[in-house]
>>> print(open('run-v3.pdb').read())   # PDB, C-alpha atoms
ATOM      1  CA  MET A  17     -20.951  -7.364 -39.363
ATOM      2  CA  LEU A  18     -19.944  -8.968 -36.070
ATOM      3  CA  ALA A  19     -17.060  -7.483 -34.101
ATOM      4  CA  ASN A  20     -15.166  -8.416 -30.970
ATOM      5  CA  ASP A  21     -13.655  -6.276 -28.248
ATOM      6  CA  CYS A  22     -10.237  -6.192 -29.946
ATOM      7  CA  ASN A  23     -11.400  -3.221 -32.039
ATOM      8  CA  GLY A  24     -11.383  -5.228 -35.245
ATOM      9  CA  ARG A  25      -8.028  -6.927 -34.671
ATOM     10  CA  SER A  26      -7.614 -10.663 -34.312
ATOM     11  CA  CYS A  27      -6.776 -11.515 -30.714
ATOM     12  CA  PRO A  28      -3.883 -13.855 -29.867
ATOM     13  CA  THR A  29      -4.534 -16.862 -27.702
ATOM     14  CA  SER A  30      -3.466 -16.304 -24.140
ATOM     15  CA  LEU A  31      -3.990 -17.448 -20.579
ATOM     16  CA  THR A  32      -7.351 -18.102 -18.939
ATOM     17  CA  VAL A  33      -7.561 -17.015 -15.315
ATOM     18  CA  SER A  34     -10.212 -16.632 -12.661
ATOM     19  CA  CYS A  35     -11.018 -13.014 -11.835
ATOM     20  CA  PRO A  36     -12.090 -11.587  -8.488
ATOM     21  CA  THR A  37     -14.776  -8.957  -8.973
ATOM     22  CA  LEU A  38     -14.313  -5.179  -9.182
ATOM     23  CA  SER A  39     -17.424  -3.016  -9.272
ATOM     24  CA  ALA A  40     -18.516   0.508  -8.519
ATOM     25  CA  ARG A  41     -20.266  -0.926  -5.484
ATOM     26  CA  SER A  42     -17.285  -2.735  -3.967
ATOM     27  CA  ASN A  43     -14.307  -1.486  -1.991
ATOM     28  CA  GLN A  44     -11.556  -4.045  -2.172
ATOM     29  CA  ASN A  45      -8.218  -3.961  -0.417
ATOM     30  CA  THR A  46      -5.487  -4.441  -3.005
ATOM     31  CA  PRO A  47      -1.697  -4.426  -2.739
ATOM     32  CA  THR A  48       0.052  -1.120  -3.326
ATOM     33  CA  ALA A  49       2.436  -2.712  -5.818
ATOM     34  CA  GLN A  50       2.817  -5.904  -7.763
ATOM     35  CA  ASP A  51       5.795  -7.127  -9.747
ATOM     36  CA  THR A  52       6.116  -9.235 -12.836
ATOM     37  CA  VAL A  53       9.009 -10.058 -15.156
ATOM     38  CA  GLY A  54       8.880  -9.588 -18.907
ATOM     39  CA  ALA A  55      10.210 -12.001 -21.503
ATOM     40  CA  ALA A  56      13.390  -9.991 -21.852
ATOM     41  CA  GLY A  57      14.060 -10.341 -18.126
ATOM     42  CA  ARG A  58      13.162  -6.778 -17.182
ATOM     43  CA  ARG A  59      11.227  -6.338 -13.946
ATOM     44  CA  LEU A  60       7.872  -4.703 -14.540
ATOM     45  CA  ALA A  61       6.253  -2.971 -11.564
ATOM     46  CA  LEU A  62       2.468  -2.799 -11.420
ATOM     47  CA  PRO A  63       1.605   0.014  -8.977
ATOM     48  CA  MET A  64      -1.965   0.031  -7.693
ATOM     49  CA  LYS A  65      -3.767   2.599  -5.590
ATOM     50  CA  THR A  66      -6.911   1.981  -3.590
ATOM     51  CA  THR A  67      -9.757   4.481  -3.547
ATOM     52  CA  ALA A  68     -13.364   4.549  -2.471
ATOM     53  CA  ASN A  69     -14.379   4.337  -6.139
ATOM     54  CA  GLY A  70     -14.519   0.554  -6.496
ATOM     55  CA  GLY A  71     -11.002   0.391  -5.058
ATOM     56  CA  HIS A  72      -9.220   1.753  -8.148
ATOM     57  CA  GLU A  73      -8.727   4.967 -10.059
ATOM     58  CA  PHE A  74      -7.721   5.722 -13.630
ATOM     59  CA  GLU A  75      -4.395   7.504 -13.116
ATOM     60  CA  ALA A  76      -2.798   4.923 -10.846
ATOM     61  CA  ASP A  77      -4.508   1.730 -11.997
ATOM     62  CA  GLY A  78      -5.621   2.414 -15.559
ATOM     63  CA  ILE A  79      -9.154   1.355 -14.614
ATOM     64  CA  GLU A  80     -12.070   3.008 -12.878
ATOM     65  CA  ILE A  81     -15.773   2.262 -12.600
ATOM     66  CA  ARG A  82     -18.342   5.007 -12.132
ATOM     67  CA  SER A  83     -21.904   4.153 -11.289
ATOM     68  CA  ALA A  84     -25.090   5.524 -12.849
ATOM     69  CA  VAL A  85     -23.431   7.575 -15.593
ATOM     70  CA  LEU A  86     -26.379   6.867 -17.904
ATOM     71  CA  ALA A  87     -29.960   7.440 -16.778
ATOM     72  CA  SER A  88     -32.553   4.745 -17.448
ATOM     73  CA  GLU A  89     -34.228   6.938 -20.071
ATOM     74  CA  ALA A  90     -30.993   7.254 -22.061
ATOM     75  CA  ILE A  91     -30.367   3.511 -21.804
ATOM     76  CA  GLY A  92     -33.850   2.753 -23.086
ATOM     77  CA  ALA A  93     -33.507   5.169 -25.987
ATOM     78  CA  ILE A  94     -30.196   3.668 -27.113
ATOM     79  CA  LYS A  95     -31.534   0.114 -26.840
ATOM     80  CA  ALA A  96     -34.549   1.084 -28.924
ATOM     81  CA  GLU A  97     -32.443   2.631 -31.687
ATOM     82  CA  VAL A  98     -29.160   0.676 -31.821
ATOM     83  CA  SER A  99     -28.976  -3.044 -32.602
ATOM     84  CA  LEU A 100     -26.537  -5.259 -34.463
ATOM     85  CA  ASP A 101     -29.536  -6.347 -36.536
ATOM     86  CA  HIS A 102     -30.220  -2.759 -37.609
ATOM     87  CA  GLU A 103     -29.865  -2.355 -41.362
ATOM     88  CA  ILE A 104     -27.344   0.474 -40.956
ATOM     89  CA  LEU A 105     -24.975  -1.655 -38.867
ATOM     90  CA  ARG A 106     -25.420  -4.717 -41.050
ATOM     91  CA  ARG A 107     -24.542  -2.626 -44.083
ATOM     92  CA  THR A 108     -21.857  -0.284 -42.750
ATOM     93  CA  GLY A 109     -20.448  -1.937 -39.595
ATOM     94  CA  ILE A 110     -20.193  -0.939 -35.947
ATOM     95  CA  ARG A 111     -17.888   2.075 -36.300
ATOM     96  CA  ASN A 112     -18.679   5.809 -36.295
ATOM     97  CA  LEU A 113     -21.870   5.268 -34.373
ATOM     98  CA  GLU A 114     -22.252   8.984 -33.664
ATOM     99  CA  LYS A 115     -22.745   9.577 -37.396
ATOM    100  CA  LYS A 116     -25.401   6.874 -37.709
ATOM    101  CA  PHE A 117     -27.617   7.134 -34.638
ATOM    102  CA  ARG A 118     -29.212  10.144 -32.969
ATOM    103  CA  THR A 119     -28.933   8.672 -29.470
ATOM    104  CA  ILE A 120     -25.195   8.043 -29.807
ATOM    105  CA  ALA A 121     -24.596  11.535 -31.190
ATOM    106  CA  GLY A 122     -26.415  12.897 -28.158
ATOM    107  CA  LEU A 123     -24.374  10.708 -25.847
ATOM    108  CA  VAL A 124     -21.083  11.930 -27.320
ATOM    109  CA  ALA A 125     -22.213  15.545 -26.968
ATOM    110  CA  ASP A 126     -23.472  15.071 -23.421
ATOM    111  CA  ALA A 127     -21.416  16.958 -20.833
ATOM    112  CA  THR A 128     -21.668  14.088 -18.345
ATOM    113  CA  VAL A 129     -19.584  11.820 -20.564
ATOM    114  CA  SER A 130     -17.237  14.393 -22.108
ATOM    115  CA  SER A 131     -16.444  15.895 -18.703
ATOM    116  CA  ILE A 132     -15.166  12.519 -17.484
ATOM    117  CA  ALA A 133     -12.692  12.395 -20.368
ATOM    118  CA  ALA A 134     -11.694  16.027 -19.863
ATOM    119  CA  ALA A 135     -11.051  15.537 -16.154
ATOM    120  CA  LEU A 136      -8.868  12.481 -16.743
ATOM    121  CA  LEU A 137      -6.861  13.825 -19.682
ATOM    122  CA  GLY A 138      -6.495  17.366 -18.378
ATOM    123  CA  GLU A 139      -7.296  18.845 -21.782
ATOM    124  CA  ARG A 140     -10.290  19.338 -24.054
ATOM    125  CA  PRO A 141     -10.313  15.868 -25.587
ATOM    126  CA  ARG A 142     -12.003  14.820 -28.786
ATOM    127  CA  MET A 143     -14.072  11.681 -29.213
ATOM    128  CA  VAL A 144     -12.117   9.739 -31.845
ATOM    129  CA  ARG A 145     -13.881   6.375 -32.062
ATOM    130  CA  ALA A 146     -17.357   5.076 -31.206
ATOM    131  CA  LEU A 147     -18.133   1.345 -31.347
ATOM    132  CA  PHE A 148     -20.974  -0.922 -30.293
ATOM    133  CA  PHE A 149     -20.651  -4.442 -28.856
ATOM    134  CA  ASP A 150     -23.392  -6.897 -27.988
ATOM    135  CA  LYS A 151     -22.732 -10.367 -26.580
ATOM    136  CA  THR A 152     -25.688 -12.736 -26.813
ATOM    137  CA  PRO A 153     -26.013 -16.533 -26.937
ATOM    138  CA  GLU A 154     -26.165 -16.203 -30.745
ATOM    139  CA  ARG A 155     -23.301 -13.675 -30.989
ATOM    140  CA  ASN A 156     -20.720 -14.714 -28.439
ATOM    141  CA  TRP A 157     -16.943 -14.526 -28.334
ATOM    142  CA  PHE A 158     -13.852 -14.815 -26.161
ATOM    143  CA  VAL A 159     -11.237 -12.064 -26.093
ATOM    144  CA  ALA A 160      -7.690 -13.028 -25.103
ATOM    145  CA  TRP A 161      -5.472 -10.815 -22.949
ATOM    146  CA  HIS A 162      -4.296  -7.829 -24.964
ATOM    147  CA  GLN A 163      -3.760  -4.067 -25.059
ATOM    148  CA  ASP A 164      -5.578  -1.617 -27.352
ATOM    149  CA  ARG A 165      -2.493  -0.422 -29.222
ATOM    150  CA  THR A 166      -3.939   0.902 -32.482
ATOM    151  CA  VAL A 167      -5.787   4.026 -33.551
ATOM    152  CA  THR A 168      -7.610   4.799 -36.799
ATOM    153  CA  LEU A 169      -6.784   7.622 -39.208
ATOM    154  CA  ASP A 170      -8.321   8.787 -42.477
ATOM    155  CA  ARG A 171      -5.074   8.393 -44.436
ATOM    156  CA  ARG A 172      -1.567   7.010 -44.194
ATOM    157  CA  ILE A 173       1.248   9.481 -43.705
ATOM    158  CA  GLU A 174       4.824   9.279 -42.500
ATOM    159  CA  LEU A 175       4.953   9.908 -38.756
ATOM    160  CA  ALA A 176       8.004   9.168 -36.638
ATOM    161  CA  GLY A 177       7.345   6.240 -34.309
ATOM    162  CA  TRP A 178       4.017   5.267 -35.897
ATOM    163  CA  SER A 179       4.164   1.683 -37.195
ATOM    164  CA  ARG A 180       2.302  -1.465 -38.226
ATOM    165  CA  TRP A 181       0.005   0.245 -40.692
ATOM    166  CA  THR A 182      -2.932  -1.754 -42.023
ATOM    167  CA  CYS A 183      -6.017  -0.764 -43.979
ATOM    168  CA  LYS A 184      -9.471  -2.290 -43.539
ATOM    169  CA  ASP A 185     -12.645  -1.067 -45.221
ATOM    170  CA  GLY A 186     -10.851   2.119 -46.216
ATOM    171  CA  VAL A 187      -9.814   2.936 -42.626
ATOM    172  CA  HIS A 188      -6.118   3.101 -41.780
ATOM    173  CA  HIS A 189      -5.073   1.395 -38.536
ATOM    174  CA  VAL A 190      -1.711   2.194 -36.977
ATOM    175  CA  GLN A 191       0.179   1.715 -33.721
ATOM    176  CA  PRO A 192       1.256   5.119 -32.404
ATOM    177  CA  PRO A 193       3.999   5.772 -29.841
ATOM    178  CA  ARG A 194       3.155   5.241 -26.184
ATOM    179  CA  ALA A 195       2.994   9.006 -25.627
ATOM    180  CA  VAL A 196      -0.049   9.160 -27.916
ATOM    181  CA  LEU A 197      -1.823   6.305 -26.145
ATOM    182  CA  ASP A 198      -1.115   7.950 -22.795
ATOM    183  CA  GLN A 199      -3.268  10.847 -24.012
ATOM    184  CA  MET A 200      -6.283   8.611 -24.569
ATOM    185  CA  VAL A 201      -9.075   7.199 -22.445
ATOM    186  CA  THR A 202     -11.776   4.666 -23.254
ATOM    187  CA  ILE A 203     -15.222   4.982 -21.686
ATOM    188  CA  ARG A 204     -17.326   1.828 -21.953
ATOM    189  CA  LEU A 205     -20.971   2.634 -21.227
ATOM    190  CA  HIS A 206     -22.941  -0.458 -20.263
ATOM    191  CA  LEU A 207     -26.563  -0.803 -21.279
ATOM    192  CA  ASP A 208     -27.114  -4.054 -19.333
ATOM    193  CA  ASP A 209     -26.166  -5.520 -15.965
ATOM    194  CA  THR A 210     -22.989  -7.536 -16.571
ATOM    195  CA  ASP A 211     -20.968  -9.874 -14.354
ATOM    196  CA  GLU A 212     -18.239 -12.421 -15.054
ATOM    197  CA  LEU A 213     -20.728 -15.060 -16.207
ATOM    198  CA  GLY A 214     -22.088 -12.456 -18.595
ATOM    199  CA  GLY A 215     -18.681 -11.902 -20.194
ATOM    200  CA  CYS A 216     -17.688  -8.696 -18.418
ATOM    201  CA  LEU A 217     -14.262  -7.125 -18.852
ATOM    202  CA  CYS A 218     -11.355  -8.536 -16.820
ATOM    203  CA  VAL A 219      -8.311  -6.311 -16.255
ATOM    204  CA  ILE A 220      -4.904  -6.257 -14.578
ATOM    205  CA  PRO A 221      -4.819  -2.983 -12.614
ATOM    206  CA  GLY A 222      -1.665  -0.930 -13.119
ATOM    207  CA  SER A 223      -0.521  -2.827 -16.204
ATOM    208  CA  HIS A 224      -0.926   0.277 -18.399
ATOM    209  CA  ARG A 225       2.258   1.592 -16.753
ATOM    210  CA  LEU A 226       4.287  -1.216 -18.326
ATOM    211  CA  GLY A 227       4.099   0.398 -21.757
ATOM    212  CA  ILE A 228       3.571  -1.430 -25.034
ATOM    213  CA  LEU A 229       4.225  -5.135 -24.395
ATOM    214  CA  THR A 230       5.175  -8.090 -26.561
ATOM    215  CA  GLN A 231       2.924 -11.140 -26.459
ATOM    216  CA  ASP A 232       5.480 -12.969 -24.282
ATOM    217  CA  GLU A 233       5.468 -10.066 -21.823
ATOM    218  CA  ILE A 234       1.675 -10.070 -21.786
ATOM    219  CA  ASP A 235       1.641 -13.783 -20.974
ATOM    220  CA  GLN A 236       4.203 -13.260 -18.191
ATOM    221  CA  ALA A 237       2.250 -10.379 -16.690
ATOM    222  CA  VAL A 238      -1.015 -12.341 -16.708
ATOM    223  CA  ALA A 239       0.616 -15.429 -15.179
ATOM    224  CA  ARG A 240       2.053 -13.429 -12.272
ATOM    225  CA  SER A 241      -0.921 -11.158 -11.575
ATOM    226  CA  THR A 242      -4.419 -11.319 -10.124
ATOM    227  CA  PRO A 243      -6.888  -9.976 -12.700
ATOM    228  CA  LEU A 244     -10.122  -8.323 -11.658
ATOM    229  CA  ALA A 245     -13.578  -8.729 -13.195
ATOM    230  CA  CYS A 246     -15.355  -5.432 -13.840
ATOM    231  CA  ALA A 247     -18.926  -6.282 -12.845
ATOM    232  CA  VAL A 248     -21.323  -3.430 -13.589
ATOM    233  CA  ALA A 249     -24.969  -2.451 -13.526
ATOM    234  CA  ALA A 250     -26.760  -0.955 -16.493
ATOM    235  CA  GLY A 251     -25.761   2.703 -16.743
ATOM    236  CA  ASP A 252     -22.310   2.233 -15.197
ATOM    237  CA  ALA A 253     -19.149   3.273 -17.028
ATOM    238  CA  VAL A 254     -15.916   1.287 -17.164
ATOM    239  CA  ILE A 255     -13.128   3.803 -17.747
ATOM    240  CA  MET A 256      -9.827   2.392 -18.961
ATOM    241  CA  HIS A 257      -6.419   3.296 -20.331
ATOM    242  CA  PRO A 258      -5.877   1.716 -23.768
ATOM    243  CA  LEU A 259      -2.696  -0.045 -22.588
ATOM    244  CA  ILE A 260      -4.217  -1.798 -19.582
ATOM    245  CA  LEU A 261      -4.190  -5.560 -20.079
ATOM    246  CA  HIS A 262      -7.766  -6.736 -20.503
ATOM    247  CA  SER A 263      -9.798  -9.698 -21.704
ATOM    248  CA  SER A 264     -13.299 -11.136 -21.504
ATOM    249  CA  ARG A 265     -14.864 -14.568 -21.607
ATOM    250  CA  LYS A 266     -17.828 -15.792 -23.569
ATOM    251  CA  SER A 267     -21.120 -14.988 -21.915
ATOM    252  CA  GLN A 268     -22.796 -17.897 -20.173
ATOM    253  CA  ARG A 269     -26.050 -16.033 -19.744
ATOM    254  CA  SER A 270     -29.029 -15.930 -22.117
ATOM    255  CA  ILE A 271     -29.155 -12.125 -22.071
ATOM    256  CA  HIS A 272     -27.551  -9.178 -23.849
ATOM    257  CA  ARG A 273     -24.252  -7.581 -22.864
ATOM    258  CA  ARG A 274     -24.460  -4.300 -24.770
ATOM    259  CA  VAL A 275     -21.676  -1.716 -24.560
ATOM    260  CA  VAL A 276     -21.195   1.668 -26.208
ATOM    261  CA  HIS A 277     -17.414   2.004 -26.471
ATOM    262  CA  LEU A 278     -16.126   5.581 -26.767
ATOM    263  CA  GLU A 279     -12.463   6.555 -27.183
ATOM    264  CA  PHE A 280     -11.285  10.083 -26.407
ATOM    265  CA  SER A 281      -7.912  11.683 -27.136
ATOM    266  CA  SER A 282      -6.257  14.981 -26.263
ATOM    267  CA  TYR A 283      -3.415  14.330 -28.741
ATOM    268  CA  GLN A 284      -3.218  16.852 -31.556
ATOM    269  CA  LEU A 285      -2.697  15.186 -34.941
ATOM    270  CA  PRO A 286      -0.835  16.967 -37.742
ATOM    271  CA  SER A 287      -3.091  19.212 -39.807
ATOM    272  CA  ASP A 288      -3.010  16.955 -42.870
ATOM    273  CA  VAL A 289      -4.532  13.867 -41.183
ATOM    274  CA  SER A 290      -7.670  13.221 -39.125
ATOM    275  CA  TRP A 291      -9.050  10.571 -36.807
ATOM    276  CA  ALA A 292     -11.272   8.044 -38.599
TER     277      ALA A 292
END
>>> encode(input="run-v3.pdb", output="structure tokens")
Amino acid sequence: MLANDCNGRSCPTSLTVSCPTLSARSNQNTPTAQDTVGAAGRRLALPMKTTANGGHEFEADGIEIRSAVLASEAIGAIKAEVSLDHEILRRTGIRNLEKKFRTIAGLVADATVSSIAAALLGERPRMVRALFFDKTPERNWFVAWHQDRTVTLDRRIELAGWSRWTCKDGVHHVQPPRAVLDQMVTIRLHLDDTDELGGCLCVIPGSHRLGILTQDEIDQAVARSTPLACAVAAGDAVIMHPLILHSSRKSQRSIHRRVVHLEFSSYQLPSDVSWA
């Protein structure tokens, strides 16, 4: 089963832009605010805050890069165990990695990773989704500009403000209200050095503050903004809000771009439904 970075959704076509580079080893000067106008004519402010941590931080910009989160030994162990060619992934897909691989279960339980989520969400968050991506010359894809607006549950129930239900492989996908997504953080743990030519993530800092956007509003925001490429070294973590606008190009390198994608949430679901 081959998956893209849209978490199983088909990605709409969108704009292609050139991205300056953001990394844990850079310190860029960025504007303190940036404006764009949505399709409905509303003015959408994109506040950005500079820090010593690659120039951006999660709360203000929806994006943050932390260096050397994974040690080389952990990276090697995951690479040795997890592969898209592994029989388990070919048979059951890329989801729920922590239930399929010992190294991923250990990663999820590791205090280094969970403490990042806890510090950003201000609660004791739960890991709610674990995915694995690997771009290679043989498995390569482009991801258009989008937001991660859906979550996965074990069953469909009536919840006020939850919409666009779909079901795939027995897993229920749904778009929750913004308040739910604001209580989530994604931690992308990179197993390989990755730059823009390698298909790294490109983002628009601060765009998570615009809320859930229509496709026209996404196109407007991209056209009026300066995206940043999140170049990383193996072991670095790209930390992102699910609503930040992000995309990635096809890799132009003959190497792997492997990512363990972990989503954490501090939102408490009703007792009769669980994350899937």
>>> closest_atom_pairs(input="run-v3.pdb", of="segment 200-248 of chain A", to="segment 269-291 of chain A", cutoff="7 Å", atoms="all atoms listed in the file", output="Markdown table")
| residue | atom | partner | partner_atom | distance |
| --- | --- | --- | --- | --- |
| A:Met200 | CA | A:Ser281 | CA | 4.3 |
| A:Val201 | CA | A:Phe280 | CA | 5.4 |
| A:Thr202 | CA | A:Glu279 | CA | 4.4 |
| A:Ile203 | CA | A:Leu278 | CA | 5.2 |
| A:Arg204 | CA | A:His277 | CA | 4.5 |
| A:Leu205 | CA | A:Val276 | CA | 5.1 |
| A:His206 | CA | A:Val275 | CA | 4.7 |
| A:Leu207 | CA | A:Arg274 | CA | 5.4 |
| A:Asp208 | CA | A:Arg273 | CA | 5.8 |
| A:Thr210 | CA | A:Arg273 | CA | 6.4 |
| A:Leu213 | CA | A:Arg269 | CA | 6.5 |
| A:Gly214 | CA | A:Arg269 | CA | 5.5 |
>>> residues_around(input="run-v3.pdb", residues="segment 242-259 of chain A", least_positions_apart="6", cutoff="8 Å", atoms="all atoms listed in the file", output="PDB file with C-alpha atoms, in the frame of the given file")
ATOM      1  CA  VAL A  33      -7.561 -17.015 -15.315  1.00  0.00           C
ATOM      2  CA  SER A  34     -10.212 -16.632 -12.661  1.00  0.00           C
ATOM      3  CA  CYS A  35     -11.018 -13.014 -11.835  1.00  0.00           C
ATOM      4  CA  PRO A  36     -12.090 -11.587  -8.488  1.00  0.00           C
ATOM      5  CA  THR A  37     -14.776  -8.957  -8.973  1.00  0.00           C
ATOM      6  CA  LEU A  38     -14.313  -5.179  -9.182  1.00  0.00           C
ATOM      7  CA  SER A  39     -17.424  -3.016  -9.272  1.00  0.00           C
ATOM      8  CA  ALA A  40     -18.516   0.508  -8.519  1.00  0.00           C
ATOM      9  CA  PHE A  74      -7.721   5.722 -13.630  1.00  0.00           C
ATOM     10  CA  GLY A  78      -5.621   2.414 -15.559  1.00  0.00           C
ATOM     11  CA  ILE A  79      -9.154   1.355 -14.614  1.00  0.00           C
ATOM     12  CA  GLU A  80     -12.070   3.008 -12.878  1.00  0.00           C
ATOM     13  CA  ILE A  81     -15.773   2.262 -12.600  1.00  0.00           C
ATOM     14  CA  ARG A  82     -18.342   5.007 -12.132  1.00  0.00           C
ATOM     15  CA  SER A  83     -21.904   4.153 -11.289  1.00  0.00           C
ATOM     16  CA  ALA A  84     -25.090   5.524 -12.849  1.00  0.00           C
ATOM     17  CA  VAL A  85     -23.431   7.575 -15.593  1.00  0.00           C
ATOM     18  CA  LEU A  86     -26.379   6.867 -17.904  1.00  0.00           C
ATOM     19  CA  ALA A  87     -29.960   7.440 -16.778  1.00  0.00           C
ATOM     20  CA  SER A  88     -32.553   4.745 -17.448  1.00  0.00           C
ATOM     21  CA  ILE A  91     -30.367   3.511 -21.804  1.00  0.00           C
ATOM     22  CA  GLN A 163      -3.760  -4.067 -25.059  1.00  0.00           C
ATOM     23  CA  ASP A 164      -5.578  -1.617 -27.352  1.00  0.00           C
ATOM     24  CA  ARG A 165      -2.493  -0.422 -29.222  1.00  0.00           C
ATOM     25  CA  LEU A 197      -1.823   6.305 -26.145  1.00  0.00           C
ATOM     26  CA  ASP A 198      -1.115   7.950 -22.795  1.00  0.00           C
ATOM     27  CA  MET A 200      -6.283   8.611 -24.569  1.00  0.00           C
ATOM     28  CA  VAL A 201      -9.075   7.199 -22.445  1.00  0.00           C
ATOM     29  CA  THR A 202     -11.776   4.666 -23.254  1.00  0.00           C
ATOM     30  CA  ILE A 203     -15.222   4.982 -21.686  1.00  0.00           C
ATOM     31  CA  ARG A 204     -17.326   1.828 -21.953  1.00  0.00           C
ATOM     32  CA  LEU A 205     -20.971   2.634 -21.227  1.00  0.00           C
ATOM     33  CA  HIS A 206     -22.941  -0.458 -20.263  1.00  0.00           C
ATOM     34  CA  LEU A 207     -26.563  -0.803 -21.279  1.00  0.00           C
ATOM     35  CA  ASP A 208     -27.114  -4.054 -19.333  1.00  0.00           C
ATOM     36  CA  ASP A 209     -26.166  -5.520 -15.965  1.00  0.00           C
ATOM     37  CA  THR A 210     -22.989  -7.536 -16.571  1.00  0.00           C
ATOM     38  CA  ASP A 211     -20.968  -9.874 -14.354  1.00  0.00           C
ATOM     39  CA  GLU A 212     -18.239 -12.421 -15.054  1.00  0.00           C
ATOM     40  CA  CYS A 216     -17.688  -8.696 -18.418  1.00  0.00           C
ATOM     41  CA  LEU A 217     -14.262  -7.125 -18.852  1.00  0.00           C
ATOM     42  CA  CYS A 218     -11.355  -8.536 -16.820  1.00  0.00           C
ATOM     43  CA  VAL A 219      -8.311  -6.311 -16.255  1.00  0.00           C
ATOM     44  CA  ILE A 220      -4.904  -6.257 -14.578  1.00  0.00           C
ATOM     45  CA  PRO A 221      -4.819  -2.983 -12.614  1.00  0.00           C
ATOM     46  CA  SER A 223      -0.521  -2.827 -16.204  1.00  0.00           C
ATOM     47  CA  HIS A 224      -0.926   0.277 -18.399  1.00  0.00           C
ATOM     48  CA  ARG A 225       2.258   1.592 -16.753  1.00  0.00           C
ATOM     49  CA  GLY A 227       4.099   0.398 -21.757  1.00  0.00           C
ATOM     50  CA  ILE A 228       3.571  -1.430 -25.034  1.00  0.00           C
TER      51      ILE A 228
END
>>> atom_distance(input="run-v3.pdb", atom1="atom CA of Ser179 of chain A", atom2="atom CA of Pro193 of chain A")
8.4 Å
>>> closest_residue(input="run-v3.pdb", among="A:Arg140, A:His189, A:Arg194, A:Arg265", to="Ala292 of chain A", atoms="all atoms listed in the file")
A:His189
>>> atom_distance(input="run-v3.pdb", atom1="atom CA of Ala134 of chain A", atom2="atom CA of Ala76 of chain A")
16.8 Å
>>> closest_residue(input="run-v3.pdb", among="A:Arg145, A:Arg118, A:His162, A:Arg171", to="Ala93 of chain A", atoms="only C-alpha atoms")
A:Arg118
>>> atom_distance(input="run-v3.pdb", atom1="atom CA of Pro141 of chain A", atom2="atom CA of Leu100 of chain A")
28.1 Å
>>> build_atoms(input="run-v3.pdb", residues="segment 96-108 of chain A", atoms="N, CA and C atoms", output="short mmCIF file (atom, residue, chain, number, x, y, z; two decimals), in the coordinates of the input")
data_model
loop_
_atom_site.label_atom_id
_atom_site.label_comp_id
_atom_site.auth_asym_id
_atom_site.auth_seq_id
_atom_site.Cartn_x
_atom_site.Cartn_y
_atom_site.Cartn_z
N ALA A 96 -33.48 1.05 -27.93
CA ALA A 96 -34.55 1.08 -28.92
C ALA A 96 -34.03 1.41 -30.32
N GLU A 97 -32.94 2.18 -30.38
CA GLU A 97 -32.44 2.63 -31.69
C GLU A 97 -31.31 1.78 -32.23
N VAL A 98 -30.39 1.32 -31.38
CA VAL A 98 -29.16 0.68 -31.82
C VAL A 98 -29.23 -0.83 -31.60
N SER A 99 -28.99 -1.58 -32.66
CA SER A 99 -28.98 -3.04 -32.60
C SER A 99 -28.07 -3.56 -33.69
N LEU A 100 -27.38 -4.66 -33.43
CA LEU A 100 -26.54 -5.26 -34.46
C LEU A 100 -27.36 -5.75 -35.65
N ASP A 101 -28.66 -5.92 -35.44
CA ASP A 101 -29.54 -6.35 -36.54
C ASP A 101 -30.08 -5.16 -37.34
N HIS A 102 -29.76 -3.96 -36.90
CA HIS A 102 -30.22 -2.76 -37.61
C HIS A 102 -29.59 -2.74 -39.00
N GLU A 103 -30.35 -2.36 -39.98
CA GLU A 103 -29.86 -2.36 -41.36
C GLU A 103 -28.60 -1.51 -41.52
N ILE A 104 -28.52 -0.40 -40.83
CA ILE A 104 -27.34 0.47 -40.96
C ILE A 104 -26.08 -0.25 -40.50
N LEU A 105 -26.15 -0.95 -39.36
CA LEU A 105 -24.98 -1.66 -38.87
C LEU A 105 -24.66 -2.87 -39.72
N ARG A 106 -25.67 -3.55 -40.19
CA ARG A 106 -25.42 -4.72 -41.05
C ARG A 106 -24.76 -4.30 -42.36
N ARG A 107 -25.07 -3.10 -42.81
CA ARG A 107 -24.54 -2.63 -44.08
C ARG A 107 -23.21 -1.89 -43.94
N THR A 108 -23.03 -1.15 -42.86
CA THR A 108 -21.86 -0.28 -42.75
C THR A 108 -20.94 -0.61 -41.58
#
